[in-house]
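Next up, start29.cif (mmCIF, C-alpha atoms):
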data_query
loop_
_atom_site.group_PDB
_atom_site.id
_atom_site.type_symbol
_atom_site.label_atom_id
_atom_site.label_comp_id
_atom_site.auth_asym_id
_atom_site.auth_seq_id
_atom_site.Cartn_x
_atom_site.Cartn_y
_atom_site.Cartn_z
ATOM 1 C CA MET A 230 0.000 0.000 0.000
ATOM 2 C CA LYS A 231 1.285 3.426 -0.943
ATOM 3 C CA LYS A 232 2.600 5.837 1.699
ATOM 4 C CA ASP A 233 2.771 9.553 0.832
ATOM 5 C CA PHE A 234 4.780 12.189 2.672
ATOM 6 C CA GLU A 235 4.713 15.862 1.678
ATOM 7 C CA VAL A 236 6.453 18.763 3.422
ATOM 8 C CA SER A 237 6.323 22.420 2.345
ATOM 9 C CA PHE A 238 8.571 25.243 3.479
ATOM 10 C CA PHE A 239 8.269 29.005 3.784
ATOM 11 C CA GLU A 240 9.971 30.902 0.977
ATOM 12 C CA PRO A 241 13.103 32.453 2.500
ATOM 13 C CA GLY A 242 13.116 35.695 0.543
ATOM 14 C CA PHE A 243 15.146 37.110 -2.324
ATOM 15 C CA PHE A 244 18.339 37.903 -0.412
ATOM 16 C CA ILE A 245 18.650 34.340 0.916
ATOM 17 C CA ASP A 246 17.614 32.544 -2.281
ATOM 18 C CA PRO A 247 17.886 35.066 -5.148
ATOM 19 C CA ARG A 248 17.446 32.433 -7.874
ATOM 20 C CA GLY A 249 14.412 30.851 -6.166
ATOM 21 C CA VAL A 250 15.736 27.305 -6.597
ATOM 22 C CA GLY A 251 15.508 26.251 -2.943
ATOM 23 C CA LEU A 252 15.492 22.469 -2.581
ATOM 24 C CA ARG A 253 16.168 21.974 -6.289
ATOM 25 C CA SER A 254 19.777 22.926 -5.546
ATOM 26 C CA LEU A 255 20.271 19.644 -3.650
ATOM 27 C CA SER A 256 22.837 17.349 -5.231
ATOM 28 C CA LYS A 257 22.418 13.650 -6.020
ATOM 29 C CA VAL A 258 24.548 12.840 -2.965
ATOM 30 C CA GLN A 259 22.279 14.942 -0.756
ATOM 31 C CA LEU A 260 19.144 13.316 -2.183
ATOM 32 C CA ASP A 261 20.662 9.908 -1.438
ATOM 33 C CA GLU A 262 21.166 11.104 2.137
ATOM 34 C CA ILE A 263 17.369 11.552 2.299
ATOM 35 C CA LEU A 264 16.495 8.303 0.552
ATOM 36 C CA THR A 265 18.973 5.816 2.025
ATOM 37 C CA PRO A 266 17.269 5.621 5.465
ATOM 38 C CA ALA A 267 13.967 4.944 3.691
ATOM 39 C CA GLU A 268 15.687 2.187 1.651
ATOM 40 C CA CYS A 269 14.949 3.851 -1.685
ATOM 41 C CA THR A 270 17.305 4.122 -4.673
ATOM 42 C CA ILE A 271 16.922 6.445 -7.669
ATOM 43 C CA VAL A 272 16.752 4.599 -11.009
ATOM 44 C CA SER A 273 15.734 7.454 -13.327
ATOM 45 C CA SER A 274 14.862 11.165 -13.281
ATOM 46 C CA LEU A 275 13.035 13.834 -15.249
ATOM 47 C CA SER A 276 12.948 17.610 -14.828
ATOM 48 C CA ASN A 277 11.115 20.628 -16.198
ATOM 49 C CA ASN A 278 10.946 24.302 -15.291
ATOM 50 C CA TYR A 279 8.959 23.616 -12.121
ATOM 51 C CA VAL A 280 10.004 20.318 -10.550
ATOM 52 C CA ASP A 281 12.584 17.542 -10.496
ATOM 53 C CA SER A 282 11.047 14.055 -10.411
ATOM 54 C CA TYR A 283 12.815 10.812 -9.562
ATOM 55 C CA VAL A 284 11.615 7.225 -9.957
ATOM 56 C CA PHE A 285 12.672 4.417 -7.604
ATOM 57 C CA SER A 286 12.017 0.696 -7.984
ATOM 58 C CA GLU A 287 8.712 1.047 -6.121
ATOM 59 C CA SER A 288 8.550 4.710 -5.137
ATOM 60 C CA SER A 289 8.977 8.232 -6.452
ATOM 61 C CA LEU A 290 10.289 11.617 -5.322
ATOM 62 C CA PHE A 291 9.253 15.113 -6.415
ATOM 63 C CA VAL A 292 11.422 18.099 -5.524
ATOM 64 C CA TYR A 293 10.017 21.609 -5.922
ATOM 65 C CA PRO A 294 11.879 24.758 -4.802
ATOM 66 C CA TYR A 295 10.070 24.779 -1.466
ATOM 67 C CA LYS A 296 8.324 21.405 -1.279
ATOM 68 C CA ILE A 297 9.342 17.734 -1.243
ATOM 69 C CA ILE A 298 6.941 14.851 -1.935
ATOM 70 C CA ILE A 299 7.912 11.197 -1.451
ATOM 71 C CA LYS A 300 5.598 8.372 -2.500
ATOM 72 C CA ALA A 301 6.691 4.944 -1.319
ATOM 73 C CA CYS A 302 5.230 1.455 -1.627
ATOM 74 C CA GLY A 303 5.927 -1.927 -0.115
ATOM 75 C CA THR A 304 8.040 -2.069 3.045
ATOM 76 C CA THR A 305 9.995 1.144 2.499
ATOM 77 C CA LYS A 306 10.738 3.085 5.708
ATOM 78 C CA LEU A 307 9.417 6.388 4.426
ATOM 79 C CA LEU A 308 9.301 8.351 7.682
ATOM 80 C CA LEU A 309 12.988 7.667 8.416
ATOM 81 C CA SER A 310 13.784 10.186 5.665
ATOM 82 C CA ILE A 311 12.451 13.104 7.753
ATOM 83 C CA PRO A 312 15.640 13.971 9.731
ATOM 84 C CA ALA A 313 17.724 14.338 6.558
ATOM 85 C CA ILE A 314 15.033 16.422 4.848
ATOM 86 C CA LEU A 315 14.848 18.833 7.773
ATOM 87 C CA LYS A 316 18.624 19.059 8.119
ATOM 88 C CA LEU A 317 19.200 19.848 4.449
ATOM 89 C CA ALA A 318 16.297 22.305 4.409
ATOM 90 C CA SER A 319 17.729 24.066 7.459
ATOM 91 C CA ASN A 320 21.071 24.405 5.654
ATOM 92 C CA LEU A 321 19.153 26.328 2.976
ATOM 93 C CA SER A 322 17.486 28.545 5.630
ATOM 94 C CA LEU A 323 14.107 26.904 5.019
ATOM 95 C CA SER A 324 11.603 26.408 7.848
ATOM 96 C CA VAL A 325 8.614 24.076 7.738
ATOM 97 C CA TRP A 326 5.288 25.563 6.697
ATOM 98 C CA SER A 327 3.115 22.442 6.445
ATOM 99 C CA VAL A 328 3.330 18.660 6.351
ATOM 100 C CA ARG A 329 0.971 15.879 5.294
ATOM 101 C CA TYR A 330 1.290 12.086 5.529
ATOM 102 C CA THR A 331 -1.359 9.776 4.063
ATOM 103 C CA ARG A 332 -1.828 6.081 3.420
ATOM 104 C CA GLY A 333 -4.506 3.451 3.101
ATOM 105 C CA SER A 334 -4.684 0.209 5.088
ATOM 106 C CA PHE A 335 -1.666 -2.029 4.624
ATOM 107 C CA ILE A 336 -2.375 -5.260 2.746
ATOM 108 C CA PHE A 337 0.192 -7.086 4.917
ATOM 109 C CA PRO A 338 0.571 -4.947 8.063
ATOM 110 C CA GLY A 339 2.707 -7.562 9.809
ATOM 111 C CA ALA A 340 5.386 -7.176 7.142
ATOM 112 C CA GLN A 341 5.834 -3.459 7.774
ATOM 113 C CA PRO A 342 9.063 -2.443 9.535
ATOM 114 C CA PHE A 343 9.576 0.320 12.086
ATOM 115 C CA PRO A 344 8.294 3.034 12.056
ATOM 116 C CA HIS A 345 5.284 1.715 10.130
ATOM 117 C CA HIS A 346 3.996 -1.068 12.394
ATOM 118 C CA ASN A 347 0.779 0.888 12.968
ATOM 119 C CA PHE A 348 -0.624 4.408 12.656
ATOM 120 C CA SER A 349 -0.002 5.273 16.306
ATOM 121 C CA GLU A 350 3.687 4.570 15.802
ATOM 122 C CA GLU A 351 3.729 6.689 12.650
ATOM 123 C CA VAL A 352 1.990 9.570 14.430
ATOM 124 C CA SER A 353 4.510 9.398 17.273
ATOM 125 C CA ILE A 354 7.385 9.740 14.824
ATOM 126 C CA LEU A 355 5.708 12.619 12.982
ATOM 127 C CA ASP A 356 4.932 14.379 16.253
ATOM 128 C CA CYS A 357 8.598 14.222 17.234
ATOM 129 C CA TYR A 358 9.330 16.617 14.390
ATOM 130 C CA PHE A 359 6.103 18.511 13.725
ATOM 131 C CA LEU A 360 4.062 18.742 16.920
ATOM 132 C CA LYS A 361 5.823 22.068 17.571
ATOM 133 C CA LEU A 362 3.946 23.542 14.604
ATOM 134 C CA GLY A 363 1.062 24.065 17.033
ATOM 135 C CA SER A 364 -2.633 23.394 17.417
ATOM 136 C CA ARG A 365 -3.200 22.911 13.678
ATOM 137 C CA ARG A 366 -1.874 19.349 13.933
ATOM 138 C CA LYS A 367 -4.514 16.702 13.153
ATOM 139 C CA ALA A 368 -4.389 12.913 12.800
ATOM 140 C CA TYR A 369 -7.360 10.892 11.564
ATOM 141 C CA ILE A 370 -8.287 7.363 10.618
ATOM 142 C CA MET A 371 -11.199 7.624 8.208
ATOM 143 C CA GLY A 372 -13.525 4.805 7.231
ATOM 144 C CA GLY A 373 -15.920 2.306 8.746
ATOM 145 C CA SER A 374 -15.483 -0.863 10.791
ATOM 146 C CA ASP A 375 -13.629 -2.768 8.045
ATOM 147 C CA LYS A 376 -9.935 -2.579 8.995
ATOM 148 C CA THR A 377 -8.878 -3.210 5.383
ATOM 149 C CA LYS A 378 -10.629 -0.073 4.102
ATOM 150 C CA LYS A 379 -9.353 2.854 6.112
ATOM 151 C CA TRP A 380 -7.651 6.077 5.153
ATOM 152 C CA HIS A 381 -4.954 7.444 7.468
ATOM 153 C CA ILE A 382 -4.001 11.099 7.395
ATOM 154 C CA TYR A 383 -1.652 13.268 9.437
ATOM 155 C CA SER A 384 -1.641 17.012 8.808
ATOM 156 C CA ALA A 385 0.196 19.851 10.524
ATOM 157 C CA SER A 386 0.796 23.475 9.594
ATOM 158 C CA ALA A 387 2.534 26.508 11.053
ATOM 159 C CA GLN A 388 -0.222 28.755 9.724
ATOM 160 C CA MET A 389 -3.505 28.598 7.847
ATOM 161 C CA ILE A 390 -3.208 27.939 4.128
ATOM 162 C CA SER A 391 -4.625 30.768 2.049
ATOM 163 C CA HIS A 392 -5.310 30.410 -1.676
ATOM 164 C CA SER A 393 -7.601 32.263 -4.032
ATOM 165 C CA HIS A 394 -8.194 28.975 -5.883
ATOM 166 C CA PRO A 395 -8.190 25.532 -4.241
ATOM 167 C CA VAL A 396 -5.576 22.936 -5.150
ATOM 168 C CA TYR A 397 -6.927 19.386 -5.167
ATOM 169 C CA THR A 398 -5.156 16.053 -4.779
ATOM 170 C CA LEU A 399 -7.132 12.969 -5.804
ATOM 171 C CA GLU A 400 -5.927 9.520 -4.748
ATOM 172 C CA MET A 401 -7.359 6.135 -5.673
ATOM 173 C CA CYS A 402 -6.447 2.757 -4.128
ATOM 174 C CA MET A 403 -7.671 -0.359 -5.933
ATOM 175 C CA THR A 404 -7.655 -4.071 -5.058
ATOM 176 C CA GLY A 405 -8.913 -7.228 -6.772
ATOM 177 C CA LEU A 406 -7.579 -6.144 -10.179
ATOM 178 C CA ASP A 407 -8.608 -7.732 -13.446
ATOM 179 C CA ARG A 408 -5.371 -9.505 -14.410
ATOM 180 C CA LYS A 409 -5.836 -9.102 -18.161
ATOM 181 C CA LYS A 410 -6.705 -5.411 -17.905
ATOM 182 C CA ALA A 411 -3.833 -4.627 -15.524
ATOM 183 C CA SER A 412 -1.209 -6.886 -17.150
ATOM 184 C CA VAL A 413 0.425 -3.915 -18.893
ATOM 185 C CA PHE A 414 1.375 -2.560 -15.447
ATOM 186 C CA TYR A 415 2.904 -5.777 -14.054
ATOM 187 C CA LYS A 416 6.548 -6.492 -13.294
ATOM 188 C CA THR A 417 8.816 -3.594 -14.236
ATOM 189 C CA HIS A 418 6.245 -0.923 -15.068
ATOM 190 C CA ALA A 419 6.562 2.394 -13.300
ATOM 191 C CA SER A 420 5.512 5.784 -14.595
ATOM 192 C CA SER A 421 5.683 9.217 -13.115
ATOM 193 C CA ALA A 422 5.160 12.860 -13.904
ATOM 194 C CA ALA A 423 5.367 16.032 -11.929
ATOM 195 C CA LEU A 424 1.752 15.822 -10.815
ATOM 196 C CA MET A 425 0.730 12.205 -11.346
ATOM 197 C CA THR A 426 1.995 8.778 -10.284
ATOM 198 C CA GLU A 427 0.886 5.194 -10.879
ATOM 199 C CA HIS A 428 2.081 1.964 -9.291
ATOM 200 C CA SER A 429 0.981 -1.656 -9.460
ATOM 201 C CA GLU A 430 2.194 -4.931 -7.993
ATOM 202 C CA ASP A 431 1.709 -8.395 -9.413
ATOM 203 C CA GLY A 432 0.652 -11.045 -6.910
ATOM 204 C CA PHE A 433 -0.870 -8.569 -4.500
ATOM 205 C CA SER A 434 -3.575 -7.373 -6.901
ATOM 206 C CA TYR A 435 -3.196 -3.749 -5.903
ATOM 207 C CA ALA A 436 -2.814 -0.513 -7.824
ATOM 208 C CA SER A 437 -2.859 3.155 -6.918
ATOM 209 C CA PHE A 438 -3.446 6.299 -8.927
ATOM 210 C CA GLU A 439 -2.901 9.914 -7.973
ATOM 211 C CA ALA A 440 -3.534 13.216 -9.727
ATOM 212 C CA ALA A 441 -2.756 16.658 -8.331
ATOM 213 C CA GLY A 442 -3.182 20.195 -9.538
ATOM 214 C CA TYR A 443 -6.289 19.654 -11.622
ATOM 215 C CA ASP A 444 -8.878 22.400 -11.836
ATOM 216 C CA PHE A 445 -12.068 20.491 -11.143
ATOM 217 C CA GLU A 446 -14.060 23.393 -12.524
ATOM 218 C CA THR A 447 -12.816 22.330 -15.965
ATOM 219 C CA VAL A 448 -11.818 18.664 -15.452
ATOM 220 C CA ASN A 449 -14.636 16.150 -14.994
ATOM 221 C CA SER A 450 -13.631 14.049 -11.975
ATOM 222 C CA ASN A 451 -16.301 11.450 -12.814
ATOM 223 C CA GLN A 452 -14.707 10.795 -16.194
ATOM 224 C CA LEU A 453 -11.222 10.716 -14.673
ATOM 225 C CA ILE A 454 -12.240 8.074 -12.120
ATOM 226 C CA GLU A 455 -14.079 6.033 -14.755
ATOM 227 C CA ARG A 456 -10.975 6.001 -16.985
ATOM 228 C CA VAL A 457 -8.796 4.704 -14.165
ATOM 229 C CA LEU A 458 -11.320 1.991 -13.331
ATOM 230 C CA THR A 459 -11.413 0.947 -16.985
ATOM 231 C CA CYS A 460 -7.646 0.332 -16.862
ATOM 232 C CA PHE A 461 -7.745 -1.963 -13.817
ATOM 233 C CA LYS A 462 -11.341 -3.161 -13.299
ATOM 234 C CA PRO A 463 -10.880 -3.596 -9.512
ATOM 235 C CA THR A 464 -13.401 -5.408 -7.349
ATOM 236 C CA GLU A 465 -12.988 -2.709 -4.676
ATOM 237 C CA PHE A 466 -11.526 0.772 -4.605
ATOM 238 C CA SER A 467 -11.365 3.919 -2.493
ATOM 239 C CA VAL A 468 -11.073 7.587 -3.422
ATOM 240 C CA SER A 469 -9.785 10.442 -1.297
ATOM 241 C CA LEU A 470 -9.842 14.075 -2.342
ATOM 242 C CA HIS A 471 -7.786 16.632 -0.449
ATOM 243 C CA ALA A 472 -8.446 20.349 -0.868
ATOM 244 C CA ASP A 473 -5.934 22.838 0.481
ATOM 245 C CA PHE A 474 -8.637 25.140 1.842
ATOM 246 C CA ASN A 475 -12.015 24.534 3.477
ATOM 247 C CA GLY A 476 -14.039 27.158 1.670
ATOM 248 C CA ASP A 477 -15.092 24.506 -0.836
ATOM 249 C CA ASP A 478 -17.043 21.304 -0.150
ATOM 250 C CA PRO A 479 -15.102 18.595 -2.033
ATOM 251 C CA GLY A 480 -17.998 16.146 -1.671
ATOM 252 C CA HIS A 481 -19.644 17.140 -4.938
ATOM 253 C CA ARG A 482 -16.318 16.624 -6.739
ATOM 254 C CA ILE A 483 -16.504 12.842 -6.283
ATOM 255 C CA PRO A 484 -19.402 10.789 -7.669
ATOM 256 C CA ARG A 485 -21.451 8.847 -5.135
ATOM 257 C CA TYR A 486 -22.651 6.506 -7.876
ATOM 258 C CA VAL A 487 -20.094 4.798 -10.095
ATOM 259 C CA ASN A 488 -21.262 2.386 -12.778
ATOM 260 C CA GLY A 489 -20.875 -1.188 -11.512
ATOM 261 C CA TYR A 490 -20.038 -0.193 -7.914
ATOM 262 C CA PHE A 491 -21.787 0.679 -4.658
ATOM 263 C CA CYS A 492 -20.560 3.314 -2.211
ATOM 264 C CA GLU A 493 -19.878 1.591 1.139
ATOM 265 C CA GLU A 494 -18.438 4.458 3.125
ATOM 266 C CA LYS A 495 -18.148 8.232 3.111
ATOM 267 C CA SER A 496 -16.122 10.350 5.559
ATOM 268 C CA PHE A 497 -15.305 14.044 5.621
ATOM 269 C CA GLU A 498 -12.889 15.988 7.819
ATOM 270 C CA LEU A 499 -11.654 19.556 8.157
ATOM 271 C CA LEU A 500 -7.907 19.758 8.644
ATOM 272 C CA GLY A 501 -6.170 22.118 11.020
ATOM 273 C CA ASN A 502 -4.346 24.007 8.270
ATOM 274 C CA GLY A 503 -7.537 25.225 6.624
ATOM 275 C CA GLY A 504 -7.769 22.254 4.269
ATOM 276 C CA SER A 505 -10.244 19.395 4.065
ATOM 277 C CA VAL A 506 -10.340 15.760 2.964
ATOM 278 C CA ILE A 507 -13.158 13.479 1.859
ATOM 279 C CA TYR A 508 -12.906 9.693 1.621
ATOM 280 C CA TYR A 509 -15.202 7.258 -0.234
ATOM 281 C CA SER A 510 -14.903 3.473 -0.488
ATOM 282 C CA PHE A 511 -16.634 1.436 -3.187
ATOM 283 C CA VAL A 512 -17.269 -2.261 -3.761
ATOM 284 C CA GLY A 513 -18.209 -4.003 -6.997
ATOM 285 C CA ALA A 514 -21.908 -4.702 -7.535
ATOM 286 C CA ASP A 515 -21.251 -8.429 -7.802
ATOM 287 C CA VAL A 516 -19.496 -8.377 -4.404
ATOM 288 C CA CYS A 517 -22.538 -6.967 -2.550
ATOM 289 C CA VAL A 518 -24.565 -10.139 -2.157
ATOM 290 C CA SER A 519 -26.991 -9.254 0.607
ATOM 291 C CA PRO A 520 -29.911 -6.869 -0.037
ATOM 292 C CA ARG A 521 -29.174 -5.114 3.255
ATOM 293 C CA SER A 522 -25.532 -4.552 2.330
ATOM 294 C CA ILE A 523 -26.582 -3.161 -1.059
ATOM 295 C CA LEU A 524 -28.937 -0.667 0.570
ATOM 296 C CA LYS A 525 -26.284 0.235 3.114
ATOM 297 C CA CYS A 526 -23.817 0.979 0.336
ATOM 298 C CA CYS A 527 -26.119 3.535 -1.203
ATOM 299 C CA TRP A 528 -27.926 5.198 1.690
ATOM 300 C CA SER A 529 -27.037 6.162 5.240
ATOM 301 C CA GLU A 530 -29.282 4.463 7.779
ATOM 302 C CA ASP A 531 -30.513 6.105 10.937
ATOM 303 C CA GLU A 532 -28.238 6.472 13.940
ATOM 304 C CA LYS A 533 -29.909 3.736 15.970
ATOM 305 C CA ASP A 534 -29.436 1.117 13.253
ATOM 306 C CA GLU A 535 -25.789 2.121 12.810
ATOM 307 C CA GLU A 536 -25.159 1.635 16.531
ATOM 308 C CA VAL A 537 -26.845 -1.770 16.559
ATOM 309 C CA ASP A 538 -24.850 -2.954 13.570
ATOM 310 C CA GLY A 539 -21.595 -1.593 14.941
ATOM 311 C CA PHE A 540 -21.266 0.591 11.844
ATOM 312 C CA ARG A 541 -19.814 3.928 12.923
ATOM 313 C CA PRO A 542 -18.958 6.231 9.989
ATOM 314 C CA VAL A 543 -17.142 8.605 12.339
ATOM 315 C CA PRO A 544 -13.357 8.631 11.893
ATOM 316 C CA TYR A 545 -11.048 7.721 14.759
ATOM 317 C CA HIS A 546 -9.314 10.869 15.973
ATOM 318 C CA LEU A 547 -5.806 10.847 17.406
ATOM 319 C CA SER A 548 -5.359 13.921 19.575
ATOM 320 C CA ALA A 549 -2.087 15.725 20.083
ATOM 321 C CA LEU A 550 0.174 14.149 22.659
#
What would you get if you wrote out this structure as structure tokens?
Amino acid sequence: MKKDFEVSFFEPGFFIDPRGVGLRSLSKVQLDEILTPAECTIVSSLSNNYVDSYVFSESSLFVYPYKIIIKACGTTKLLLSIPAILKLASNLSLSVWSVRYTRGSFIFPGAQPFPHHNFSEEVSILDCYFLKLGSRRKAYIMGGSDKTKKWHIYSASAQMISHSHPVYTLEMCMTGLDRKKASVFYKTHASSAALMTEHSEDGFSYASFEAAGYDFETVNSNQLIERVLTCFKPTEFSVSLHADFNGDDPGHRIPRYVNGYFCEEKSFELLGNGGSVIYYSFVGADVCVSPRSILKCCWSEDEKDEEVDGFRPVPYHLSAL
């Protein structure tokens, strides 16, 4: 299951960084200093005027002037890269503005090494470095009672994010892939771009898709999701949509009804930095075998029934230590 870590820094000003290159000035040796603790190795790279992107065997790295994003899969030790990131950023006179860590439920949680044994352990590590950012730190586990379908998110910020236009990040996690449809992604396939990544693993029947920076006023999110599903034909999938400000309700950006699937779960949370996140999980129509489960996928039942069934669509909150 994919783990994502993103940290943004305040711009230091013209006299400190006159060329505005920031983190893009880091050398290959310095990037390896970040990646070695996470057990990641660069195999290829691509750059444009805005970002440097690097592909690993099962991960990827995106370096902007004042932001670093690492996306890791498998048993990589992603959070062990934090000390090196902060040290190198400090050498460039950069201070942390905001941080976000997200992941779904691990397919094989017992195989995960420290510091990824569980979400509490991950939050403890993140708090060691970012709890000082203040009261805008939030940690959530979103989803219902099914432990295999949860979305984990940690968010912290030194100040409220303020944008005239929202920036969205859409993430999809898919399981039970159609082998014929997904065969093009098996074995050595890995693709990346500045704002989009894909990853798939043979044998584990899992794939993830991410798209960032889209203007959902002009891009049809329904069509985007349908195209991804056409590529993999999963039996189950989840969608999360993160908006970097809470003046917009992201709920209407994601379809509740997807052809061939039922919506099992919907969760929404406001983040401490002024952002918000919404999480949906879907199951294939042929997987929902009981009439009650089908109805439950499509409509929210009353509070009493949810309590009787043990179905609590309220995310688990981890408060600051």
How many Å separate atom CA of Ala318 of chain A from atom CA of Ser273 of chain A?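 Computing the Euclidean distance for atom CA of Ala318 of chain A and atom CA of Ser273 of chain A yields 23.1 Å.
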Just to confirm, what's the straight-line distance from atom CA of Lys378 of chain A to atom CA of Phe511 of chain A in Å (one decimal)? 9.6 Å
Pick out the closest residue to Glu400 of chain A from this set: A:Cys357, A:Leu470, A:Leu290, A:Ala436. Count all atoms listed in the file.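 Result for the nearest residue to Glu400 of chain A: A:Leu470.
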Find the smallest box with edges along x, y and z containing every listed atom of segment 486-500 of chain A, then add 3 Å on each side and report centre and edge lengths in Å to one decimal, as JSON.
{"center_x": -15.3, "center_y": 9.3, "center_z": -2.1, "size_x": 20.7, "size_y": 26.9, "size_z": 27.4}
Residues near Gly405 of chain A, anyone? I mean within 7 Å using only C-alpha atoms, not counting same-chain ones fewer than 2 positions away, as a list of chain:residue names.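 Surrounding residues, per the criterion: A:Asp407, A:Ser434, A:Tyr435, A:Pro463, A:Thr464, A:Glu465.
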